Amino acid sequence: MFLAASVVVALVALLHIAILVLEMFLWERPAGRKVFRQTPESARATRVLAANQGLYNGFLAAGLLWGLWLGTEGVPVMLFFLGCVAVAGAYGAATVGRKILFVQTLPAAVGIALLLLATR
């Protein structure tokens, strides 16, 4: 069960690395504008805010990878960062779009459930 939990945690971390890249480096490019449904003008006007969000997503990924690196001793670290991801996803779903609930919150919740089952 811990292996399955670790795979989900790794996938959530990779997702947040991808979000970091989109928000920090591709925000004004066609790929970034398409993902976040931005016009060139709105992307230009919000690029600093997006880069800041990207940095925070990088911190979430770093925390999850740190927890994975610690192995079973890292379960509290992984639970904390998955909780942060779930809360951020719930807020995003409420304020930006429901899709975020499935892309961000659901995988984090699955990771939390698997970690809790693995450590029972």
# chains A, B, ... in the order shown; residues from 1 in each chain; ligands from 1

call {"tool": "select_by_dssp", "arguments": {"residues": "chain A", "states": "alpha helix (DSSP H)", "output": "count of residues only"}}
result
96

call {"tool": "residues_around", "arguments": {"residues": "Leu114 of chain A", "least_positions_apart": "3", "cutoff": "7 Å", "atoms": "only C-alpha atoms", "output": "PyMOL selection string"}}
result
chain A and resi 1+5+110-111+117-118

call {"tool": "write_last_selection", "arguments": {"atoms": "C-alpha atoms", "output": "short mmCIF file (atom, residue, chain, number, x, y, z; two decimals), in the first residue's frame"}}
result
data_model
loop_
_atom_site.label_atom_id
_atom_site.label_comp_id
_atom_site.auth_asym_id
_atom_site.auth_seq_id
_atom_site.Cartn_x
_atom_site.Cartn_y
_atom_site.Cartn_z
CA MET A 1 0.00 0.00 0.00
CA ALA A 5 0.69 5.90 -1.99
CA VAL A 110 -6.40 9.84 -2.90
CA GLY A 111 -2.78 10.24 -1.78
CA LEU A 117 -4.23 3.15 4.91
CA ALA A 118 -0.55 2.27 4.50
#

call {"tool": "closest_atom_pairs", "arguments": {"of": "segment 2-68 of chain A", "to": "segment 88-96 of chain A", "cutoff": "12 Å", "atoms": "only C-alpha atoms", "output": "CSV"}}
result
residue,atom,partner,partner_atom,distance
A:Val12,CA,A:Gly89,CA,11.8
A:His16,CA,A:Gly89,CA,11.4
A:Phe36,CA,A:Val96,CA,10.3
A:Arg37,CA,A:Val96,CA,11.5
A:Gln53,CA,A:Ala88,CA,11.0
A:Tyr56,CA,A:Ala88,CA,10.5
A:Asn57,CA,A:Ala88,CA,9.8
A:Leu60,CA,A:Ala88,CA,10.3

call {"tool": "residues_around", "arguments": {"residues": "Gln104 of chain A", "least_positions_apart": "2", "cutoff": "8 Å", "atoms": "only C-alpha atoms", "output": "PyMOL selection string"}}
result
chain A and resi 12+85-86+89+100-102+106-108

call {"tool": "write_last_selection", "arguments": {"atoms": "all heavy atoms", "output": "compact mmCIF listing (two decimals), in the first residue's frame"}}
result
# COMPACT_ATOMS: atom_id res chain seq x y z
N VAL A 12 1.42 13.63 -7.99
CA VAL A 12 0.98 14.96 -7.56
C VAL A 12 2.16 15.93 -7.62
O VAL A 12 2.01 17.08 -8.06
CB VAL A 12 0.33 14.90 -6.16
CG1 VAL A 12 0.04 16.31 -5.64
CG2 VAL A 12 -0.94 14.06 -6.19
N VAL A 85 -2.08 20.92 -0.82
CA VAL A 85 -2.54 20.79 -2.22
C VAL A 85 -4.06 20.68 -2.27
O VAL A 85 -4.72 21.34 -3.09
CB VAL A 85 -1.88 19.58 -2.90
CG1 VAL A 85 -2.54 19.27 -4.24
CG2 VAL A 85 -0.38 19.81 -3.09
N ALA A 86 -4.63 19.86 -1.39
CA ALA A 86 -6.08 19.67 -1.38
C ALA A 86 -6.81 20.97 -1.05
O ALA A 86 -7.81 21.32 -1.70
CB ALA A 86 -6.46 18.58 -0.38
N GLY A 89 -6.48 23.33 -3.97
CA GLY A 89 -7.36 22.88 -5.04
C GLY A 89 -8.82 23.18 -4.77
O GLY A 89 -9.56 23.59 -5.67
N ILE A 100 -10.54 22.19 -11.36
CA ILE A 100 -9.41 22.13 -10.44
C ILE A 100 -9.66 21.10 -9.34
O ILE A 100 -8.72 20.46 -8.85
CB ILE A 100 -9.11 23.53 -9.85
CG1 ILE A 100 -8.68 24.47 -10.98
CG2 ILE A 100 -8.05 23.46 -8.76
CD1 ILE A 100 -8.57 25.92 -10.56
N LEU A 101 -10.92 20.91 -8.98
CA LEU A 101 -11.27 19.92 -7.96
C LEU A 101 -10.79 18.53 -8.39
O LEU A 101 -10.27 17.76 -7.57
CB LEU A 101 -12.78 19.93 -7.73
CG LEU A 101 -13.31 19.22 -6.52
CD1 LEU A 101 -12.83 19.89 -5.25
CD2 LEU A 101 -14.83 19.19 -6.56
N PHE A 102 -10.93 18.22 -9.67
CA PHE A 102 -10.57 16.89 -10.17
C PHE A 102 -9.09 16.78 -10.51
O PHE A 102 -8.50 15.71 -10.38
CB PHE A 102 -11.44 16.55 -11.39
CG PHE A 102 -12.90 16.57 -11.06
CD1 PHE A 102 -13.69 17.64 -11.44
CD2 PHE A 102 -13.47 15.54 -10.34
CE1 PHE A 102 -15.04 17.68 -11.12
CE2 PHE A 102 -14.81 15.56 -10.00
CZ PHE A 102 -15.60 16.64 -10.39
N LEU A 106 -8.66 16.03 -5.95
CA LEU A 106 -8.93 14.59 -5.93
C LEU A 106 -7.65 13.76 -5.84
O LEU A 106 -7.55 12.87 -4.98
CB LEU A 106 -9.77 14.18 -7.13
CG LEU A 106 -10.16 12.71 -7.19
CD1 LEU A 106 -10.99 12.31 -5.97
CD2 LEU A 106 -10.93 12.43 -8.47
N PRO A 107 -6.62 14.02 -6.66
CA PRO A 107 -5.39 13.24 -6.51
C PRO A 107 -4.74 13.40 -5.13
O PRO A 107 -4.23 12.42 -4.56
CB PRO A 107 -4.47 13.78 -7.61
CG PRO A 107 -5.39 14.37 -8.62
CD PRO A 107 -6.56 14.89 -7.83
N ALA A 108 -4.79 14.60 -4.58
CA ALA A 108 -4.23 14.81 -3.24
C ALA A 108 -5.02 14.01 -2.21
O ALA A 108 -4.43 13.39 -1.31
CB ALA A 108 -4.24 16.29 -2.89

call {"tool": "atom_distance", "arguments": {"atom1": "atom CA of Ala109 of chain A", "atom2": "atom CA of Gly74 of chain A"}}
result
17.1 Å

call {"tool": "residues_around", "arguments": {"residues": "segment 19-28 of chain A", "least_positions_apart": "3", "cutoff": "6 Å", "atoms": "only C-alpha atoms", "output": "ChimeraX atom specification"}}
result
/A:16,32-33,43,50-51,54,57-58

call {"tool": "residues_around", "arguments": {"residues": "Gly63 of chain A", "least_positions_apart": "4", "cutoff": "7 Å", "atoms": "only C-alpha atoms", "output": "list in words"}}
result
Phe59, Gly67 and Phe81 of chain A

call {"tool": "write_last_selection", "arguments": {"atoms": "N, CA, C and O atoms", "output": "compact mmCIF listing (two decimals), in the first residue's frame"}}
result
# COMPACT_ATOMS: atom_id res chain seq x y z
N PHE A 59 7.09 24.91 -4.44
CA PHE A 59 7.30 24.57 -3.03
C PHE A 59 6.47 23.35 -2.63
O PHE A 59 6.92 22.50 -1.87
N GLY A 67 9.25 14.49 1.27
CA GLY A 67 8.58 13.41 1.99
C GLY A 67 8.85 12.06 1.38
O GLY A 67 9.10 11.08 2.09
N PHE A 81 1.87 18.26 3.04
CA PHE A 81 1.88 18.90 1.73
C PHE A 81 0.70 18.47 0.86
O PHE A 81 0.16 19.28 0.10
